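S.K.: Below is the file protein.cif, with mmCIF, C-alpha atoms (C1' of nucleotides).
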data_input
loop_
_atom_site.label_atom_id
_atom_site.label_comp_id
_atom_site.auth_asym_id
_atom_site.auth_seq_id
_atom_site.Cartn_x
_atom_site.Cartn_y
_atom_site.Cartn_z
CA MET H 52 14.16 34.42 -34.23
CA GLU H 53 10.77 36.04 -34.19
CA ILE H 54 8.56 34.92 -31.35
CA GLU H 55 6.04 33.52 -33.85
CA LYS H 56 8.59 31.00 -35.05
CA GLU H 57 9.98 30.21 -31.60
CA ILE H 58 6.65 28.84 -30.45
CA LYS H 59 5.21 27.99 -33.89
CA GLN H 60 2.26 30.32 -33.51
CA ASN H 61 1.63 32.29 -36.65
CA LYS H 62 -0.86 34.76 -35.31
CA PHE H 63 -1.62 36.47 -32.01
CA LYS H 64 -4.92 37.96 -30.97
CA ASP H 65 -3.35 41.38 -30.55
CA GLU H 66 -0.09 43.14 -29.82
CA ILE H 67 -0.48 42.92 -26.04
CA HIS H 68 -1.09 39.19 -26.13
CA LYS H 69 2.00 38.79 -28.27
CA LEU H 70 3.94 40.97 -25.87
CA MET H 71 3.01 38.86 -22.85
CA ILE H 72 4.22 35.71 -24.57
CA ASN H 73 7.32 37.36 -26.01
CA GLN H 74 8.19 38.67 -22.57
CA LEU H 75 7.70 35.29 -20.88
CA PHE H 76 9.74 33.57 -23.57
CA THR H 77 12.58 36.07 -23.39
CA GLY H 78 12.67 35.89 -19.60
CA LYS H 79 12.98 32.12 -19.86
CA TRP H 80 15.73 32.52 -22.45
CA ILE H 81 17.81 34.69 -20.12
CA THR H 82 17.14 32.44 -17.11
CA ASN H 83 18.48 29.51 -19.11
CA LEU H 84 21.58 31.42 -20.20
CA ILE H 85 22.39 32.27 -16.59
CA ALA H 86 21.68 28.71 -15.44
CA LYS H 87 24.19 27.52 -18.04
CA GLN H 88 26.76 30.03 -16.79
CA LEU H 89 26.29 28.81 -13.20
CA LYS H 90 26.20 25.10 -13.85
CA PRO H 91 29.98 24.48 -13.55
CA PHE H 92 29.86 26.23 -10.18
CA LYS H 93 26.93 24.13 -8.98
CA LEU H 94 24.83 27.15 -8.04
CA THR H 95 21.21 27.80 -8.96
CA ASN H 96 20.08 31.19 -10.23
CA GLN H 97 18.44 32.03 -6.91
CA GLN H 98 21.43 30.99 -4.85
CA TYR H 99 23.60 33.24 -7.04
CA ASN H 100 21.15 36.09 -6.64
CA VAL H 101 21.42 35.77 -2.85
CA LEU H 102 25.22 35.65 -2.94
CA ARG H 103 25.42 38.79 -5.07
CA ILE H 104 23.03 40.63 -2.78
CA LEU H 105 25.19 39.69 0.20
CA ARG H 106 28.37 40.71 -1.58
CA GLY H 107 26.73 44.07 -2.23
CA GLN H 108 26.58 44.51 1.56
CA GLY H 109 30.32 43.97 1.97
CA LYS H 110 30.62 41.37 4.65
CA ASN H 111 27.92 42.95 6.78
CA TYR H 112 25.05 40.86 8.04
CA ILE H 113 21.53 41.53 6.75
CA SER H 114 18.21 39.90 7.59
CA VAL H 115 16.39 37.27 5.55
CA ASN H 116 13.67 39.83 5.00
CA ALA H 117 16.09 42.37 3.57
CA ILE H 118 17.42 39.72 1.21
CA SER H 119 13.89 38.87 0.03
CA GLY H 120 13.19 42.51 -0.73
CA ARG H 121 16.22 42.69 -2.99
CA MET H 122 15.63 39.49 -4.89
CA ILE H 123 14.50 39.37 -8.50
CA ASP H 124 12.10 36.63 -7.56
CA LYS H 125 10.33 37.88 -4.44
CA MET H 126 8.59 34.55 -4.02
CA SER H 127 11.75 32.56 -3.48
CA ASN H 128 11.82 30.75 -0.21
CA VAL H 129 14.88 32.50 1.17
CA SER H 130 15.01 30.43 4.36
CA ARG H 131 15.63 27.26 2.43
CA LEU H 132 17.94 28.94 -0.06
CA ILE H 133 20.06 30.09 2.88
CA ASP H 134 20.00 26.55 4.31
CA LYS H 135 21.64 25.31 1.14
CA LEU H 136 24.21 28.10 1.13
CA VAL H 137 25.06 27.50 4.79
CA ASP H 138 25.55 23.79 4.02
CA LYS H 139 28.01 24.78 1.28
CA LYS H 140 29.71 27.19 3.71
CA LEU H 141 29.16 30.07 1.29
CA VAL H 142 27.26 32.18 3.85
CA VAL H 143 27.04 32.47 7.62
CA ARG H 144 23.82 32.73 9.62
CA LYS H 145 23.45 34.03 13.17
CA VAL H 146 20.59 35.10 15.41
CA ASN H 147 20.18 38.85 15.87
CA ARG H 148 20.92 39.92 19.46
CA GLU H 149 18.37 42.72 19.63
CA ASP H 150 15.56 40.85 17.88
CA ARG H 151 15.83 37.15 18.40
CA ARG H 152 13.22 36.39 15.70
CA GLN H 153 15.57 37.74 13.10
CA ALA H 154 18.26 35.71 11.32
CA ASP H 155 21.20 37.71 10.04
CA ILE H 156 23.17 36.49 7.08
CA ALA H 157 26.56 37.43 5.63
CA ILE H 158 28.69 36.08 2.82
CA SER H 159 31.77 34.05 3.80
CA GLN H 160 35.22 34.39 2.26
CA LYS H 161 34.56 31.16 0.37
CA GLY H 162 31.32 32.67 -0.97
CA LEU H 163 33.09 35.84 -1.95
CA ASP H 164 35.77 33.90 -3.81
CA LEU H 165 33.11 31.91 -5.63
CA VAL H 166 31.16 34.98 -6.77
CA ASN H 167 34.35 36.60 -7.95
CA SER H 168 35.36 33.61 -10.03
CA ILE H 169 31.87 33.41 -11.53
CA GLU H 170 32.16 37.06 -12.51
CA LYS H 171 35.16 36.20 -14.60
CA THR H 172 32.79 34.33 -16.91
CA GLU H 173 30.55 37.37 -17.39
CA PRO H 174 31.97 38.28 -20.83
CA GLU H 175 30.71 34.99 -22.22
CA LEU H 176 27.23 35.65 -20.84
CA LYS H 177 27.28 39.21 -22.14
CA SER H 178 28.22 37.99 -25.60
CA ASN H 179 24.63 36.81 -25.97
CA PHE H 180 23.48 40.41 -25.82
CA ASN H 181 25.53 41.94 -28.60
CA SER H 182 22.58 42.30 -30.92
CA LEU H 183 21.33 45.45 -29.21
CA SER H 184 23.05 48.82 -29.24
CA GLU H 185 23.47 50.74 -26.00
CA GLY H 186 20.63 53.02 -27.09
CA GLU H 187 18.32 50.12 -27.84
CA ALA H 188 19.11 48.54 -24.47
CA LYS H 189 18.21 51.83 -22.78
CA GLN H 190 14.98 52.08 -24.71
CA LEU H 191 14.11 48.49 -23.83
CA ASN H 192 14.73 49.20 -20.14
CA MET H 193 12.53 52.25 -20.35
CA LEU H 194 9.70 50.36 -22.06
CA LEU H 195 9.87 47.49 -19.55
CA ASP H 196 9.61 49.93 -16.63
CA LYS H 197 6.69 51.62 -18.35
CA LEU H 198 4.98 48.29 -19.04
CA ARG H 199 4.83 47.50 -15.33
CA SER H 200 3.71 50.96 -14.28
CA MET O 264 8.18 51.43 -10.66
CA GLU O 265 11.70 51.63 -11.95
CA ILE O 266 13.60 48.39 -11.71
CA GLU O 267 16.13 50.05 -9.39
CA LYS O 268 13.43 50.55 -6.79
CA GLU O 269 11.76 47.18 -7.32
CA ILE O 270 14.86 45.35 -6.20
CA LYS O 271 16.41 48.13 -4.12
CA GLN O 272 19.55 48.32 -6.23
CA ASN O 273 20.55 51.87 -6.97
CA LYS O 274 23.17 51.22 -9.59
CA PHE O 275 23.88 48.63 -12.27
CA LYS O 276 27.24 47.88 -13.81
CA ASP O 277 25.96 48.73 -17.26
CA GLU O 278 22.84 48.92 -19.37
CA ILE O 279 22.99 45.27 -20.42
CA HIS O 280 23.25 44.06 -16.85
CA LYS O 281 20.27 46.21 -15.95
CA LEU O 282 18.41 44.85 -18.96
CA MET O 283 18.95 41.25 -17.93
CA ILE O 284 17.56 41.91 -14.47
CA ASN O 285 14.73 44.08 -15.73
CA GLN O 286 13.78 41.39 -18.19
CA LEU O 287 13.83 38.63 -15.57
CA PHE O 288 11.83 40.76 -13.17
CA THR O 289 9.22 41.68 -15.77
CA GLY O 290 8.88 38.06 -16.89
CA LYS O 291 8.23 37.08 -13.30
CA TRP O 292 5.72 39.91 -12.96
CA ILE O 293 3.69 38.63 -15.92
CA THR O 294 3.97 35.01 -14.77
CA ASN O 295 2.49 36.02 -11.43
CA LEU O 296 -0.34 37.97 -13.04
CA ILE O 297 -1.30 34.93 -15.11
CA ALA O 298 -1.00 32.61 -12.10
CA LYS O 299 -3.41 34.88 -10.26
CA GLN O 300 -5.83 34.78 -13.19
CA LEU O 301 -5.71 30.98 -13.23
CA LYS O 302 -5.90 30.34 -9.52
CA PRO O 303 -9.71 30.20 -9.24
CA PHE O 304 -9.67 27.61 -12.03
CA LYS O 305 -7.02 25.51 -10.29
CA LEU O 306 -4.74 25.43 -13.33
CA THR O 307 -1.03 26.17 -13.43
CA ASN O 308 0.48 28.39 -16.12
CA GLN O 309 1.96 25.42 -17.93
CA GLN O 310 -1.25 23.41 -17.83
CA TYR O 311 -3.07 26.40 -19.31
CA ASN O 312 -0.41 26.77 -21.99
CA VAL O 313 -0.96 23.12 -23.00
CA LEU O 314 -4.74 23.51 -23.07
CA ARG O 315 -4.53 26.57 -25.31
CA ILE O 316 -2.17 24.81 -27.68
CA LEU O 317 -4.58 21.90 -27.91
CA ARG O 318 -7.54 24.20 -28.44
CA GLY O 319 -5.59 25.77 -31.30
CA GLN O 320 -5.67 22.35 -32.98
CA GLY O 321 -9.44 22.13 -32.83
CA LYS O 322 -10.16 18.79 -31.28
CA ASN O 323 -7.48 17.07 -33.34
CA TYR O 324 -4.88 14.92 -31.64
CA ILE O 325 -1.24 16.02 -31.65
CA SER O 326 1.87 14.39 -30.21
CA VAL O 327 3.59 15.26 -26.95
CA ASN O 328 6.56 16.38 -29.03
CA ALA O 329 4.47 18.79 -31.07
CA ILE O 330 3.07 20.26 -27.85
CA SER O 331 6.59 20.75 -26.44
CA GLY O 332 7.67 22.63 -29.56
CA ARG O 333 4.80 25.08 -29.15
CA MET O 334 5.24 25.73 -25.46
CA ILE O 335 6.59 28.98 -24.06
CA ASP O 336 8.68 26.97 -21.65
CA LYS O 337 10.32 24.30 -23.78
CA MET O 338 11.74 22.63 -20.69
CA SER O 339 8.39 21.75 -19.19
CA ASN O 340 7.97 18.07 -18.64
CA VAL O 341 4.99 17.66 -20.91
CA SER O 342 4.49 13.98 -20.03
CA ARG O 343 3.72 14.80 -16.45
CA LEU O 344 1.73 17.91 -17.32
CA ILE O 345 -0.48 15.72 -19.50
CA ASP O 346 -0.81 13.19 -16.66
CA LYS O 347 -2.35 15.90 -14.51
CA LEU O 348 -4.65 17.09 -17.28
CA VAL O 349 -5.80 13.53 -17.99
CA ASP O 350 -6.55 13.07 -14.29
CA LYS O 351 -8.71 16.19 -14.42
CA LYS O 352 -10.35 14.87 -17.62
CA LEU O 353 -9.42 18.05 -19.47
CA VAL O 354 -7.52 16.17 -22.20
CA VAL O 355 -7.55 12.70 -23.73
CA ARG O 356 -4.45 10.60 -24.45
CA LYS O 357 -4.21 7.67 -26.83
CA VAL O 358 -1.43 5.64 -28.41
CA ASN O 359 -0.75 6.41 -32.06
CA ARG O 360 -1.66 3.48 -34.30
CA GLU O 361 1.12 3.99 -36.85
CA ASP O 362 3.87 4.73 -34.33
CA ARG O 363 3.27 3.04 -31.03
CA ARG O 364 5.98 5.12 -29.27
CA GLN O 365 3.94 8.23 -29.83
CA ALA O 366 1.21 9.50 -27.50
CA ASP O 367 -1.46 11.62 -29.13
CA ILE O 368 -3.32 14.19 -27.11
CA ALA O 369 -6.50 16.17 -27.69
CA ILE O 370 -8.54 18.57 -25.60
CA SER O 371 -11.84 17.28 -24.20
CA GLN O 372 -15.14 19.14 -24.18
CA LYS O 373 -14.62 19.79 -20.47
CA GLY O 374 -11.18 21.24 -21.26
CA LEU O 375 -12.62 23.38 -24.01
CA ASP O 376 -15.33 24.72 -21.72
CA LEU O 377 -12.72 25.53 -19.07
CA VAL O 378 -10.45 27.45 -21.47
CA ASN O 379 -13.40 29.37 -22.78
CA SER O 380 -14.51 30.42 -19.32
CA ILE O 381 -10.95 31.45 -18.44
CA GLU O 382 -10.87 33.60 -21.56
CA LYS O 383 -13.80 35.57 -20.21
CA THR O 384 -11.43 36.89 -17.53
CA GLU O 385 -8.91 38.16 -20.10
CA PRO O 386 -10.02 41.80 -19.87
CA GLU O 387 -8.96 41.91 -16.24
CA LEU O 388 -5.54 40.50 -17.12
CA LYS O 389 -5.21 42.92 -20.04
CA SER O 390 -6.00 45.83 -17.77
CA ASN O 391 -2.50 45.47 -16.32
CA PHE O 392 -1.05 46.41 -19.69
CA ASN O 393 -2.78 49.70 -20.31
CA SER O 394 0.34 51.75 -19.69
CA LEU O 395 1.75 51.08 -23.14
CA SER O 396 0.35 52.37 -26.40
CA GLU O 397 -0.10 50.00 -29.33
CA GLY O 398 3.00 51.52 -30.95
CA GLU O 399 5.09 51.05 -27.80
CA ALA O 400 3.95 47.44 -27.52
CA LYS O 401 5.02 46.87 -31.12
CA GLN O 402 8.37 48.46 -30.48
CA LEU O 403 8.86 46.36 -27.37
CA ASN O 404 8.06 43.19 -29.31
CA MET O 405 10.54 44.20 -31.95
CA LEU O 406 13.29 44.90 -29.42
CA LEU O 407 12.70 41.62 -27.61
CA ASP O 408 12.99 39.67 -30.86
CA LYS O 409 16.16 41.57 -31.68
CA LEU O 410 17.59 40.95 -28.21
CA ARG O 411 17.43 37.20 -28.71
CA SER O 412 18.80 37.27 -32.25
"C1'" DA S 94 1.58 43.06 33.58
"C1'" DT S 95 -1.24 40.45 30.50
"C1'" DA S 96 -3.56 39.52 26.32
"C1'" DC S 97 -3.72 40.37 21.38
"C1'" DA S 98 -1.92 41.73 17.20
"C1'" DT S 99 2.16 42.04 14.46
"C1'" DT S 100 6.50 40.68 12.65
"C1'" DA S 101 10.40 37.45 11.20
"C1'" DT S 102 11.35 33.23 9.99
"C1'" DT S 103 10.61 28.32 9.34
"C1'" DT S 104 8.14 24.27 7.93
"C1'" DG S 105 4.84 21.46 5.10
"C1'" DT S 106 2.80 20.20 0.75
"C1'" DA S 107 1.85 19.92 -4.07
"C1'" DT S 108 3.59 21.14 -8.30
"C1'" DC S 109 7.10 22.56 -11.58
"C1'" DT S 110 11.87 22.69 -13.56
"C1'" DA S 111 16.13 20.89 -15.33
"C1'" DC S 112 18.51 17.29 -16.37
"C1'" DA S 113 19.96 12.45 -16.54
"C1'" DT S 114 18.55 8.03 -17.42
"C1'" DA S 115 15.29 4.30 -18.75
"C1'" DT S 116 11.94 2.01 -21.77
"C1'" DA S 117 9.74 1.01 -25.92
"C1'" DT S 118 9.41 1.37 -30.76
"C1'" DT S 119 10.90 2.39 -35.26
"C1'" DT S 120 14.42 3.15 -38.84
"C1'" DG S 121 18.40 2.14 -41.44
"C1'" DC S 122 22.30 -0.63 -42.56
"C1'" DT S 123 24.44 -4.89 -43.90
"C1'" DA Y 65 16.27 -11.00 -41.03
"C1'" DG Y 66 19.20 -9.08 -37.30
"C1'" DC Y 67 21.24 -5.41 -34.85
"C1'" DA Y 68 22.74 -0.70 -33.80
"C1'" DA Y 69 21.23 4.02 -33.92
"C1'" DA Y 70 17.61 7.20 -33.60
"C1'" DT Y 71 13.23 8.70 -31.89
"C1'" DA Y 72 9.18 9.41 -28.61
"C1'" DT Y 73 7.91 9.30 -24.28
"C1'" DA Y 74 8.25 8.27 -19.36
"C1'" DT Y 75 10.55 8.12 -14.89
"C1'" DG Y 76 13.82 9.52 -11.10
"C1'" DT Y 77 16.03 13.23 -8.58
"C1'" DA Y 78 17.34 17.50 -6.46
"C1'" DG Y 79 16.08 21.89 -6.18
"C1'" DA Y 80 12.67 25.84 -6.75
"C1'" DT Y 81 7.99 27.92 -6.47
"C1'" DA Y 82 3.67 29.26 -4.39
"C1'" DC Y 83 1.03 29.28 -0.72
"C1'" DA Y 84 -0.73 27.98 3.79
"C1'" DA Y 85 0.20 27.22 8.34
"C1'" DA Y 86 3.26 26.89 12.41
"C1'" DT Y 87 6.58 28.81 15.64
"C1'" DA Y 88 8.71 32.24 18.13
"C1'" DA Y 89 9.66 36.86 19.60
"C1'" DT Y 90 8.32 41.59 19.91
"C1'" DG Y 91 5.15 45.65 20.21
"C1'" DT Y 92 1.06 47.75 22.11
"C1'" DA Y 93 -3.13 48.91 24.45
"C1'" DT Y 94 -5.44 48.89 28.54
#
Would you write the structure of this file as structure tokens?
M.R.:
Amino acid sequence: MEIEKEIKQNKFKDEIHKLMINQLFTGKWITNLIAKQLKPFKLTNQQYNVLRILRGQGKNYISVNAISGRMIDKMSNVSRLIDKLVDKKLVVRKVNREDRRQADIAISQKGLDLVNSIEKTEPELKSNFNSLSEGEAKQLNMLLDKLRS
Amino acid sequence: MEIEKEIKQNKFKDEIHKLMINQLFTGKWITNLIAKQLKPFKLTNQQYNVLRILRGQGKNYISVNAISGRMIDKMSNVSRLIDKLVDKKLVVRKVNREDRRQADIAISQKGLDLVNSIEKTEPELKSNFNSLSEGEAKQLNMLLDKLRS
DNA sequence: ATACATTATTTGTATCTACATATATTTGCT
DNA sequence: AGCAAATATATGTAGATACAAATAATGTAT
């Protein structure tokens, strides 16, 4: 649906104003789709983001700081996210020997299994994105990068 | 910056996966820009969204439900948002005479003055969006609408 | 070696989000 | 009229967000 109808606003001041709102709305739309995907697994979007980052490191340990730098939402409070994941035994935390300020985190086998079973549901998530061709997706990626530049 | 660098991920599974993340990241980027704009006025993004919706109605009263339907984030808890705005005397709430379940809300003069003074800072916000031409902004809007369709 | 700045993480607080449930009122059916 | 379903809003909760401040360990300059 056109953004005008989604939020019942028939006119925008200008194209940039419309773009801001369209962008916010679409971001929210995707966030909600992912939240729905994760709900049966009782993970939040941010927890899943952390798990995928850790899986990307194999089973190596990386610091909280390094995780923050890789997150989509840089403002997430990674300390407390990790607390939750440790409680669920999906990740392991240990103090770094060389720098005792630093907490090093790795994904556990249980965490790995969970991420892998969530990935099996990816086709359903992807099915929401069939409306764009590969070329259009590329163009959209390019324009988004340019928007922020 | 390219999304790959923003989140330190050098490769995505496919263009759609990259698009999801790029979209989430860009949405967050805009959200943060607006939050920064609003900070001196001690308003949150959602409170501002409600005030602008109400201003769009002149000083007429509209229901909580009608406000929800016009919000960018449909999942906001409008009841509690309104509570905060009533506390700040930026809006007025009254019970609808014909349907006593319904709460009708309107913006106050104080609220109107606040929105108007925030609007004076729009140029600074807009300056973050100079990288796109009018045509590119239009194309981006079109692609975003198509993405959700 | 000691003091000061810097860095890494954690904690505290207020607000927001998502969702389930509760309350109050109105509508529709018989 | 009387009662169940629907509607409008409010409340409860667990978790997330944004930001400030606290804690702890390390680096550095003299």
S.K.: Find the residues near DT118 in chain S: any atom within 9 Å, counting all atoms listed in the file, skip ones fewer than 5 places away on the same chain, and give them as a ChimeraX atom specification.
M.R.: /O:362-365 /Y:71-72
S.K.: Here's the selection I'm unsure about, the PyMOL selection byres ((chain Y) within 9 of (chain H)); applied to the file above, which residues does it give, as a VMD selection string?
M.R.: chain Y and resid 79 to 82 88 to 90
S.K.: What residues in chain O lie within 6 Å of chain H, counting all atoms listed in the file, written as number ranges by chain?
M.R.: O: 264-265, 270-271, 282, 286-288, 290, 333, 335, 394-395, 404, 408, 410, 412
S.K.: What would the list of residues within 9 Å of (21.3, 11.2, -14.4) (file frame) look like as a count of residues only, if only C-alpha atoms (C1' of nucleotides) are what count?
M.R.: 5
S.K.: Please determine the contact residues of chain S with respect to chain O at a cut-off of 12 Å, counting all atoms listed in the file, and supply them as a short mmCIF file (atom, residue, chain, number, x, y, z; two decimals) with C-alpha atoms (C1' of nucleotides), in the coordinates of the input.
M.R.:
data_model
loop_
_atom_site.label_atom_id
_atom_site.label_comp_id
_atom_site.auth_asym_id
_atom_site.auth_seq_id
_atom_site.Cartn_x
_atom_site.Cartn_y
_atom_site.Cartn_z
"C1'" DA S 107 1.85 19.92 -4.07
"C1'" DT S 108 3.59 21.14 -8.30
"C1'" DC S 109 7.10 22.56 -11.58
"C1'" DT S 110 11.87 22.69 -13.56
"C1'" DA S 111 16.13 20.89 -15.33
"C1'" DC S 112 18.51 17.29 -16.37
"C1'" DT S 116 11.94 2.01 -21.77
"C1'" DA S 117 9.74 1.01 -25.92
"C1'" DT S 118 9.41 1.37 -30.76
"C1'" DT S 119 10.90 2.39 -35.26
"C1'" DT S 120 14.42 3.15 -38.84
#
